[in-house]
Amino acid sequence: METERLGLLLFDTTYKPPLPLPLKIGDADLDGFPDLLLLVAHNGGLFGIATTPWLLQSVPCTGRIRKASGSNCPQNRRFYEPVTRHVEPLQEITDARGAAWLDIDEDGTLDILVQRTGSQVNQKVTFIQNNFFHDAFFLKAIVLNGACSNGICTPVNRNEPKYHPFGVSYSGATYKYTVLDTSGRRSAAQVPQLPQTGYHSLQTPYSFFGLGRTNNYIENLFVGSTKHSPKHFINMEGVIPNSKVVIIPSPNNEDGSWKRELYLRPGDWIPWVMLTTAIATVILGIIVFVLHLNEKREDEMERRRALHHINFDAL
């Protein structure tokens with residue numbers, strides 16, 4: 001039975017009073033442009049009013065988009081298009097009451113968490129993995145609140161080991177990055193950290209942003225905060241993509257240097273790169289060794305000719 005869409009779901013009525021449902025912004029395809037995750041209410045037939053998560057992808061405004069959507073969007077602009085291919089796990093849900101982004105398997109892509117009422121199946125939470133392949137890069141960044149000196153906290157119980165306060169996030173931090181794409185064009189974007197914490201927003205403590213396709217390092221990463229201290233920002237040059245950056249401000253608004261930590265995500269291609277590098281090194285070593293033997297042989301022949309010449313002159 002074909003369903004009839006009613007509109008955007010704006011409130012979670014399972015709470016009293018109802019909670020507003022904001023649009024969840026995230027870069028699902030790592031192209032550097034924000035995508036939208038929202039809930040749509042429609043006529044579910046035998047199930048009554050159904051609520052289903054929808055994923056809207058940011059795409060360039062082309063002739064195909066104008067014809068499909070019926071809108072007259074200008075050129076060089078972007079348009080939000082519903083993703084309809086390979087999203088059956090989302091479309092099968094009819095009792096959603098909330099959705100959020102998260103990277104559940106830490107593979108560098110944003111997965112989806114769907115909160116459900118349990119009326120469809122006896123299940124309150126559903127995780128949907130984003131297994132689309134995207135030939136692009138990402139970056140995770142988190143600014144801590146500087147509560148612990150040097151990013152290492154000492155427990156009250158001295159017998160317990162020290163730990164890194166990576167779960168202590170900081171609301172209000174902003175990031176601005178500059179990258180070069182594969183065609184040599186420079187682009188910049190700005191991303192906030194924890195822009196909303198109320199109304200069960202379920203946002204990640206870190207900021208996740210796609211970098212698009214690039215063959216270079218991140219030229220500049222500007223990290224700013226709302227700390228009332230002379231040192232309230234930091235500039236980083238040449239940040240490696242597909243990594244996680246942890247920024248640790250100076251504690252207690254002290255005018256000290258900020259600490260930064262970079263964590264690389266090992267990919268499946270790293271063993272192949274190491275194998276290729278090792279093979280190339282062996283081949284180059286063999287070439288150098290053969291050239292060295294040839295040069296040594298020529299030097300020996302030159303020395304013998306010189307000795308023969310000296311002996312002939314002596315006669």
# chains A, B, ... in the order shown; residues from 1 in each chain; ligands from 1
>>> select_by_dssp(residues="region 40-272 of chain A", states="strand (DSSP E)", output="ChimeraX atom specification")
/A:40-43,49-60,78-82,96-102,111-116,125-128,137-143,174-180,186-192,207-212,218-224,233-239,243-248,259-264
>>> residues_around(residues="region 127-129 of chain A", least_positions_apart="3", cutoff="6 Å", atoms="only C-alpha atoms", output="PDB file with N, CA, C and O atoms, in the first residue's frame")
ATOM      1  N   ASP A 111      27.145   7.201  11.453  1.00  0.00           N
ATOM      2  CA  ASP A 111      26.040   6.250  11.503  1.00  0.00           C
ATOM      3  C   ASP A 111      24.820   6.935  12.125  1.00  0.00           C
ATOM      4  O   ASP A 111      24.877   8.095  12.538  1.00  0.00           O
ATOM      5  N   ILE A 112      23.722   6.201  12.195  1.00  0.00           N
ATOM      6  CA  ILE A 112      22.454   6.786  12.635  1.00  0.00           C
ATOM      7  C   ILE A 112      21.920   5.997  13.822  1.00  0.00           C
ATOM      8  O   ILE A 112      21.902   4.761  13.810  1.00  0.00           O
ATOM      9  N   LEU A 113      21.509   6.722  14.847  1.00  0.00           N
ATOM     10  CA  LEU A 113      20.809   6.155  15.993  1.00  0.00           C
ATOM     11  C   LEU A 113      19.358   6.611  15.930  1.00  0.00           C
ATOM     12  O   LEU A 113      19.083   7.814  15.836  1.00  0.00           O
TER      13      LEU A 113
END
>>> closest_residue(among="A:Ala147, A:Ser187, A:Arg265, A:Glu295", to="Ser250 (chain A)", atoms="only C-alpha atoms")
A:Ala147
>>> residues_around(residues="region 208-210 of chain A", least_positions_apart="6", cutoff="12 Å", atoms="only C-alpha atoms", output="PyMOL selection string")
chain A and resi 25-35+101-103+106+108-111+134-142+174-179+188-194+218+241-245
>>> write_last_selection(atoms="N, CA and C atoms", output="CSV table (one decimal), in the first residue's frame")
chain,number,residue,atom,x,y,z
A,25,ILE,N,22.1,17.9,11.9
A,25,ILE,CA,23.0,18.2,10.8
A,25,ILE,C,24.2,17.4,10.9
A,26,GLY,N,24.6,16.8,9.8
A,26,GLY,CA,25.8,16.0,9.8
A,26,GLY,C,26.3,15.7,8.3
A,27,ASP,N,27.5,15.4,8.1
A,27,ASP,CA,28.0,15.1,6.8
A,27,ASP,C,28.1,13.6,6.6
A,28,ALA,N,27.1,13.1,6.0
A,28,ALA,CA,27.0,11.6,5.9
A,28,ALA,C,27.9,11.1,4.7
A,29,ASP,N,28.1,11.9,3.7
A,29,ASP,CA,28.9,11.4,2.5
A,29,ASP,C,30.3,12.1,2.5
A,30,LEU,N,30.7,12.8,3.5
A,30,LEU,CA,32.0,13.4,3.6
A,30,LEU,C,32.4,14.3,2.5
A,31,ASP,N,31.4,15.0,1.9
A,31,ASP,CA,31.7,15.9,0.8
A,31,ASP,C,32.0,17.3,1.2
A,32,GLY,N,31.9,17.5,2.5
A,32,GLY,CA,32.1,18.9,3.0
A,32,GLY,C,30.9,19.7,3.1
A,33,PHE,N,29.7,19.2,2.7
A,33,PHE,CA,28.5,19.9,2.8
A,33,PHE,C,27.5,19.2,3.7
A,34,PRO,N,26.8,20.0,4.6
A,34,PRO,CA,26.0,19.3,5.6
A,34,PRO,C,24.8,18.7,5.0
A,35,ASP,N,24.5,17.5,5.5
A,35,ASP,CA,23.3,16.7,5.2
A,35,ASP,C,22.3,16.8,6.4
A,101,TRP,N,23.1,11.5,15.0
A,101,TRP,CA,24.3,11.0,14.3
A,101,TRP,C,25.3,10.5,15.3
A,102,LEU,N,26.0,9.5,15.0
A,102,LEU,CA,27.2,9.1,15.8
A,102,LEU,C,28.0,8.1,14.9
A,103,ASP,N,29.3,8.0,15.3
A,103,ASP,CA,30.2,7.1,14.6
A,103,ASP,C,30.3,5.9,15.5
A,106,GLU,N,33.6,3.8,14.7
A,106,GLU,CA,34.8,4.5,14.6
A,106,GLU,C,35.5,4.3,13.3
A,108,GLY,N,35.1,6.4,10.7
A,108,GLY,CA,35.2,7.7,9.9
A,108,GLY,C,34.0,8.1,9.1
A,109,THR,N,32.8,7.4,9.4
A,109,THR,CA,31.6,7.8,8.7
A,109,THR,C,30.5,7.9,9.8
A,110,LEU,N,29.6,8.8,9.6
A,110,LEU,CA,28.5,9.0,10.5
A,110,LEU,C,27.4,7.9,10.4
A,111,ASP,N,27.1,7.2,11.5
A,111,ASP,CA,26.0,6.3,11.5
A,111,ASP,C,24.8,6.9,12.1
A,134,HIS,N,32.7,6.2,0.3
A,134,HIS,CA,32.9,7.6,-0.1
A,134,HIS,C,34.4,7.8,-0.3
A,135,ASP,N,34.8,8.2,-1.5
A,135,ASP,CA,36.2,8.5,-1.7
A,135,ASP,C,36.5,9.9,-1.3
A,136,ALA,N,36.5,10.1,0.0
A,136,ALA,CA,36.7,11.4,0.6
A,136,ALA,C,37.3,11.3,2.0
A,137,PHE,N,37.7,12.4,2.6
A,137,PHE,CA,38.4,12.4,3.9
A,137,PHE,C,37.5,13.1,4.9
A,138,PHE,N,37.9,12.8,6.2
A,138,PHE,CA,37.2,13.4,7.3
A,138,PHE,C,38.2,13.9,8.4
A,139,LEU,N,37.6,14.5,9.4
A,139,LEU,CA,38.4,15.0,10.5
A,139,LEU,C,37.5,15.1,11.7
A,140,LYS,N,38.0,14.5,12.8
A,140,LYS,CA,37.3,14.7,14.1
A,140,LYS,C,38.1,15.6,15.0
A,141,ALA,N,37.4,16.4,15.7
A,141,ALA,CA,38.1,17.4,16.6
A,141,ALA,C,37.3,17.6,17.8
A,142,ILE,N,38.0,17.7,19.0
A,142,ILE,CA,37.3,17.9,20.2
A,142,ILE,C,38.2,18.9,21.1
A,174,THR,N,34.7,26.4,18.2
A,174,THR,CA,34.4,26.5,16.8
A,174,THR,C,35.7,26.1,16.1
A,175,TYR,N,35.5,25.5,14.9
A,175,TYR,CA,36.6,25.1,14.0
A,175,TYR,C,36.4,25.8,12.6
A,176,LYS,N,37.5,26.2,12.1
A,176,LYS,CA,37.5,26.7,10.7
A,176,LYS,C,38.7,26.1,10.0
A,177,TYR,N,38.5,25.4,8.9
A,177,TYR,CA,39.5,24.7,8.2
A,177,TYR,C,39.6,25.1,6.8
A,178,THR,N,40.8,25.0,6.2
A,178,THR,CA,41.0,25.4,4.8
A,178,THR,C,41.7,24.2,4.1
A,179,VAL,N,41.2,23.8,3.0
A,179,VAL,CA,41.7,22.6,2.3
A,179,VAL,C,41.8,23.0,0.8
A,188,ALA,N,37.0,26.8,2.3
A,188,ALA,CA,37.0,26.9,3.8
A,188,ALA,C,35.6,26.7,4.3
A,189,ALA,N,35.5,26.1,5.5
A,189,ALA,CA,34.3,25.9,6.2
A,189,ALA,C,34.4,26.0,7.7
A,190,GLN,N,33.4,26.3,8.4
A,190,GLN,CA,33.4,26.5,9.8
A,190,GLN,C,32.4,25.5,10.5
A,191,VAL,N,32.8,24.9,11.5
A,191,VAL,CA,32.0,23.9,12.2
A,191,VAL,C,31.9,24.1,13.7
A,192,PRO,N,30.8,24.1,14.4
A,192,PRO,CA,30.7,24.3,15.8
A,192,PRO,C,30.9,23.0,16.6
A,193,GLN,N,31.1,23.1,17.8
A,193,GLN,CA,31.1,21.9,18.7
A,193,GLN,C,30.0,22.1,19.8
A,194,LEU,N,29.2,21.1,19.8
A,194,LEU,CA,28.0,21.0,20.7
A,194,LEU,C,27.2,22.3,20.7
A,218,ILE,N,45.5,19.3,5.5
A,218,ILE,CA,44.6,20.5,5.8
A,218,ILE,C,45.5,21.7,6.0
A,241,PRO,N,44.6,14.4,7.4
A,241,PRO,CA,43.2,14.0,7.3
A,241,PRO,C,43.0,12.6,7.9
A,242,ASN,N,41.7,12.2,8.0
A,242,ASN,CA,41.4,10.9,8.6
A,242,ASN,C,42.0,10.7,9.9
A,243,SER,N,41.9,11.7,10.8
A,243,SER,CA,42.5,11.6,12.1
A,243,SER,C,41.6,12.3,13.1
A,244,LYS,N,41.9,12.2,14.4
A,244,LYS,CA,41.2,12.9,15.4
A,244,LYS,C,42.1,13.8,16.2
A,245,VAL,N,41.7,15.0,16.3
A,245,VAL,CA,42.5,16.1,17.0
A,245,VAL,C,41.9,16.4,18.3
>>> closest_atom_pairs(of="region 70-180 of chain A", to="region 47-59 of chain A", cutoff="9 Å", atoms="only C-alpha atoms", output="tab-separated table")
residue	atom	partner	partner_atom	distance
A:Arg77	CA	A:Val59	CA	8.8
A:Arg78	CA	A:Val59	CA	5.5
A:Phe79	CA	A:Val59	CA	5.4
A:Tyr80	CA	A:Ser58	CA	4.6
A:Glu81	CA	A:Leu56	CA	5.2
A:Pro82	CA	A:Leu56	CA	4.3
A:Val83	CA	A:Leu55	CA	5.8
A:Thr84	CA	A:Leu55	CA	8.5
A:Val87	CA	A:Leu55	CA	8.6
A:Leu90	CA	A:Pro53	CA	5.9
A:Gln91	CA	A:Thr52	CA	6.2
A:Glu92	CA	A:Thr52	CA	7.6
A:Ile93	CA	A:Thr52	CA	5.5
A:Thr94	CA	A:Ala50	CA	4.7
A:Asp95	CA	A:Thr51	CA	5.3
A:Ala96	CA	A:Thr51	CA	5.3
A:Arg97	CA	A:Thr51	CA	7.2
A:Gly98	CA	A:Pro53	CA	8.2
A:Ala99	CA	A:Pro53	CA	7.1
A:Val114	CA	A:Pro53	CA	7.8
A:Gln120	CA	A:Phe47	CA	8.4
>>> write_last_selection(atoms="N, CA, C and O atoms", output="PDB file, in the first residue's frame")
ATOM      1  N   ARG A  77      24.280  26.857  -6.655  1.00  0.00           N
ATOM      2  CA  ARG A  77      23.723  26.673  -5.323  1.00  0.00           C
ATOM      3  C   ARG A  77      23.505  25.178  -5.077  1.00  0.00           C
ATOM      4  O   ARG A  77      23.699  24.350  -5.961  1.00  0.00           O
ATOM      5  N   ARG A  78      23.083  24.858  -3.873  1.00  0.00           N
ATOM      6  CA  ARG A  78      22.876  23.455  -3.525  1.00  0.00           C
ATOM      7  C   ARG A  78      21.435  23.244  -3.078  1.00  0.00           C
ATOM      8  O   ARG A  78      20.735  24.192  -2.674  1.00  0.00           O
ATOM      9  N   PHE A  79      21.026  21.991  -3.140  1.00  0.00           N
ATOM     10  CA  PHE A  79      19.644  21.633  -2.870  1.00  0.00           C
ATOM     11  C   PHE A  79      19.645  20.349  -2.054  1.00  0.00           C
ATOM     12  O   PHE A  79      20.529  19.499  -2.209  1.00  0.00           O
ATOM     13  N   TYR A  80      18.668  20.190  -1.178  1.00  0.00           N
ATOM     14  CA  TYR A  80      18.554  18.977  -0.365  1.00  0.00           C
ATOM     15  C   TYR A  80      17.629  17.991  -1.063  1.00  0.00           C
ATOM     16  O   TYR A  80      16.452  18.287  -1.306  1.00  0.00           O
ATOM     17  N   GLU A  81      18.187  16.826  -1.362  1.00  0.00           N
ATOM     18  CA  GLU A  81      17.457  15.785  -2.065  1.00  0.00           C
ATOM     19  C   GLU A  81      17.324  14.557  -1.171  1.00  0.00           C
ATOM     20  O   GLU A  81      18.320  14.105  -0.586  1.00  0.00           O
ATOM     21  N   PRO A  82      16.129  13.981  -1.039  1.00  0.00           N
ATOM     22  CA  PRO A  82      15.983  12.763  -0.228  1.00  0.00           C
ATOM     23  C   PRO A  82      16.770  11.599  -0.832  1.00  0.00           C
ATOM     24  O   PRO A  82      16.759  11.378  -2.042  1.00  0.00           O
ATOM     25  N   VAL A  83      17.443  10.876   0.033  1.00  0.00           N
ATOM     26  CA  VAL A  83      18.175   9.682  -0.393  1.00  0.00           C
ATOM     27  C   VAL A  83      17.186   8.531  -0.453  1.00  0.00           C
ATOM     28  O   VAL A  83      16.538   8.197   0.550  1.00  0.00           O
ATOM     29  N   THR A  84      17.048   7.917  -1.619  1.00  0.00           N
ATOM     30  CA  THR A  84      16.057   6.854  -1.820  1.00  0.00           C
ATOM     31  C   THR A  84      16.676   5.506  -2.149  1.00  0.00           C
ATOM     32  O   THR A  84      15.968   4.496  -2.142  1.00  0.00           O
ATOM     33  N   VAL A  87      18.399   2.706   1.324  1.00  0.00           N
ATOM     34  CA  VAL A  87      18.025   3.215   2.646  1.00  0.00           C
ATOM     35  C   VAL A  87      16.814   2.444   3.179  1.00  0.00           C
ATOM     36  O   VAL A  87      16.001   3.004   3.931  1.00  0.00           O
ATOM     37  N   LEU A  90      16.058   2.437   6.953  1.00  0.00           N
ATOM     38  CA  LEU A  90      15.398   3.641   7.459  1.00  0.00           C
ATOM     39  C   LEU A  90      13.919   3.648   7.093  1.00  0.00           C
ATOM     40  O   LEU A  90      13.060   3.993   7.914  1.00  0.00           O
ATOM     41  N   GLN A  91      13.607   3.278   5.858  1.00  0.00           N
ATOM     42  CA  GLN A  91      12.224   3.344   5.395  1.00  0.00           C
ATOM     43  C   GLN A  91      11.331   2.317   6.070  1.00  0.00           C
ATOM     44  O   GLN A  91      10.111   2.499   6.114  1.00  0.00           O
ATOM     45  N   GLU A  92      11.915   1.244   6.587  1.00  0.00           N
ATOM     46  CA  GLU A  92      11.108   0.213   7.240  1.00  0.00           C
ATOM     47  C   GLU A  92      10.681   0.598   8.648  1.00  0.00           C
ATOM     48  O   GLU A  92       9.813  -0.057   9.225  1.00  0.00           O
ATOM     49  N   ILE A  93      11.274   1.644   9.210  1.00  0.00           N
ATOM     50  CA  ILE A  93      10.929   2.072  10.569  1.00  0.00           C
ATOM     51  C   ILE A  93       9.685   2.956  10.516  1.00  0.00           C
ATOM     52  O   ILE A  93       9.632   3.918   9.749  1.00  0.00           O
ATOM     53  N   THR A  94       8.686   2.630  11.331  1.00  0.00           N
ATOM     54  CA  THR A  94       7.441   3.410  11.351  1.00  0.00           C
ATOM     55  C   THR A  94       7.085   3.923  12.746  1.00  0.00           C
ATOM     56  O   THR A  94       5.999   4.474  12.922  1.00  0.00           O
ATOM     57  N   ASP A  95       7.976   3.740  13.713  1.00  0.00           N
ATOM     58  CA  ASP A  95       7.672   4.196  15.077  1.00  0.00           C
ATOM     59  C   ASP A  95       8.808   5.033  15.651  1.00  0.00           C
ATOM     60  O   ASP A  95       9.075   4.994  16.844  1.00  0.00           O
ATOM     61  N   ALA A  96       9.475   5.792  14.791  1.00  0.00           N
ATOM     62  CA  ALA A  96      10.601   6.615  15.243  1.00  0.00           C
ATOM     63  C   ALA A  96      10.093   7.822  16.022  1.00  0.00           C
ATOM     64  O   ALA A  96       9.059   8.419  15.686  1.00  0.00           O
ATOM     65  N   ARG A  97      10.804   8.169  17.070  1.00  0.00           N
ATOM     66  CA  ARG A  97      10.491   9.376  17.838  1.00  0.00           C
ATOM     67  C   ARG A  97      11.701  10.277  18.009  1.00  0.00           C
ATOM     68  O   ARG A  97      11.615  11.315  18.673  1.00  0.00           O
ATOM     69  N   GLY A  98      12.832   9.895  17.410  1.00  0.00           N
ATOM     70  CA  GLY A  98      14.036  10.706  17.470  1.00  0.00           C
ATOM     71  C   GLY A  98      15.141  10.045  16.670  1.00  0.00           C
ATOM     72  O   GLY A  98      15.142   8.835  16.453  1.00  0.00           O
ATOM     73  N   ALA A  99      16.101  10.852  16.211  1.00  0.00           N
ATOM     74  CA  ALA A  99      17.234  10.342  15.443  1.00  0.00           C
ATOM     75  C   ALA A  99      18.440  11.213  15.734  1.00  0.00           C
ATOM     76  O   ALA A  99      18.310  12.404  16.048  1.00  0.00           O
ATOM     77  N   VAL A 114      18.445   5.659  15.963  1.00  0.00           N
ATOM     78  CA  VAL A 114      17.013   5.955  15.878  1.00  0.00           C
ATOM     79  C   VAL A 114      16.355   5.546  17.189  1.00  0.00           C
ATOM     80  O   VAL A 114      16.444   4.378  17.600  1.00  0.00           O
ATOM     81  N   GLN A 120       6.107  -0.765  16.808  1.00  0.00           N
ATOM     82  CA  GLN A 120       6.298  -1.618  15.634  1.00  0.00           C
ATOM     83  C   GLN A 120       6.936  -2.947  16.014  1.00  0.00           C
ATOM     84  O   GLN A 120       6.444  -4.010  15.662  1.00  0.00           O
TER      85      GLN A 120
END
>>> residues_around(residues="Ser169 (chain A)", least_positions_apart="5", cutoff="10 Å", atoms="only C-alpha atoms", output="compact mmCIF listing (two decimals) with all heavy atoms, in the first residue's frame")
# COMPACT_ATOMS: atom_id res chain seq x y z
N ILE A 142 37.98 17.70 18.96
CA ILE A 142 37.32 17.92 20.24
C ILE A 142 38.18 18.87 21.06
O ILE A 142 39.42 18.74 21.10
CB ILE A 142 37.08 16.59 20.99
CG1 ILE A 142 36.37 16.85 22.32
CG2 ILE A 142 38.35 15.82 21.20
CD1 ILE A 142 35.95 15.59 23.03
N VAL A 143 37.55 19.84 21.68
CA VAL A 143 38.20 20.77 22.61
C VAL A 143 37.73 20.42 24.02
O VAL A 143 36.52 20.42 24.29
CB VAL A 143 37.87 22.24 22.27
CG1 VAL A 143 38.48 23.17 23.30
CG2 VAL A 143 38.37 22.59 20.88
N LEU A 144 38.66 20.11 24.89
CA LEU A 144 38.32 19.82 26.28
C LEU A 144 38.17 21.13 27.05
O LEU A 144 38.50 22.21 26.55
CB LEU A 144 39.40 18.93 26.90
CG LEU A 144 39.70 17.62 26.16
CD1 LEU A 144 40.74 16.81 26.92
CD2 LEU A 144 38.44 16.82 25.94
N ASN A 145 37.69 21.03 28.28
CA ASN A 145 37.45 22.25 29.05
C ASN A 145 38.65 22.71 29.86
O ASN A 145 38.56 23.70 30.60
CB ASN A 145 36.25 22.05 29.98
CG ASN A 145 36.47 20.90 30.96
OD1 ASN A 145 37.53 20.27 30.99
ND2 ASN A 145 35.46 20.62 31.77
N GLY A 146 39.77 22.00 29.76
CA GLY A 146 40.98 22.42 30.47
C GLY A 146 40.91 22.24 31.96
O GLY A 146 41.62 22.94 32.70
N GLN A 193 31.07 23.10 17.84
CA GLN A 193 31.12 21.94 18.73
C GLN A 193 30.01 22.07 19.77
O GLN A 193 29.93 23.05 20.49
CB GLN A 193 32.47 21.85 19.43
CG GLN A 193 32.57 20.70 20.45
CD GLN A 193 33.95 20.56 21.03
OE1 GLN A 193 34.88 20.17 20.35
NE2 GLN A 193 34.10 20.90 22.31
N LEU A 194 29.16 21.06 19.83
CA LEU A 194 28.03 21.02 20.75
C LEU A 194 27.21 22.32 20.70
O LEU A 194 27.10 23.04 21.69
CB LEU A 194 28.50 20.76 22.17
CG LEU A 194 28.84 19.32 22.53
CD1 LEU A 194 29.38 19.25 23.95
CD2 LEU A 194 27.63 18.43 22.40
N THR A 204 27.19 14.42 19.38
CA THR A 204 28.48 13.84 19.72
C THR A 204 29.33 14.88 20.46
O THR A 204 29.23 16.08 20.18
CB THR A 204 29.22 13.38 18.46
OG1 THR A 204 29.36 14.49 17.56
CG2 THR A 204 28.44 12.28 17.77
N PRO A 205 30.17 14.46 21.40
CA PRO A 205 31.02 15.42 22.11
C PRO A 205 32.08 16.05 21.22
O PRO A 205 32.60 17.10 21.55
CB PRO A 205 31.65 14.59 23.23
CG PRO A 205 31.62 13.19 22.72
CD PRO A 205 30.37 13.08 21.90
N TYR A 206 32.40 15.41 20.12
CA TYR A 206 33.39 15.94 19.19
C TYR A 206 32.68 16.50 17.96
O TYR A 206 31.49 16.23 17.71
CB TYR A 206 34.36 14.83 18.76
CG TYR A 206 33.69 13.58 18.25
CD1 TYR A 206 33.24 13.49 16.93
CD2 TYR A 206 33.48 12.50 19.08
CE1 TYR A 206 32.61 12.35 16.46
CE2 TYR A 206 32.85 11.35 18.62
CZ TYR A 206 32.42 11.28 17.31
OH TYR A 206 31.79 10.16 16.85
>>> closest_residue(among="A:Leu211, A:Trp269, A:Leu21, A:Ser171", to="Ser225 (chain A)", atoms="only C-alpha atoms")
A:Ser171
>>> atom_distance(atom1="CA of Ser201 (chain A)", atom2="CA of Pro22 (chain A)")
7.7 Å
>>> atom_distance(atom1="CA of Leu39 (chain A)", atom2="CA of Gln75 (chain A)")
28.5 Å
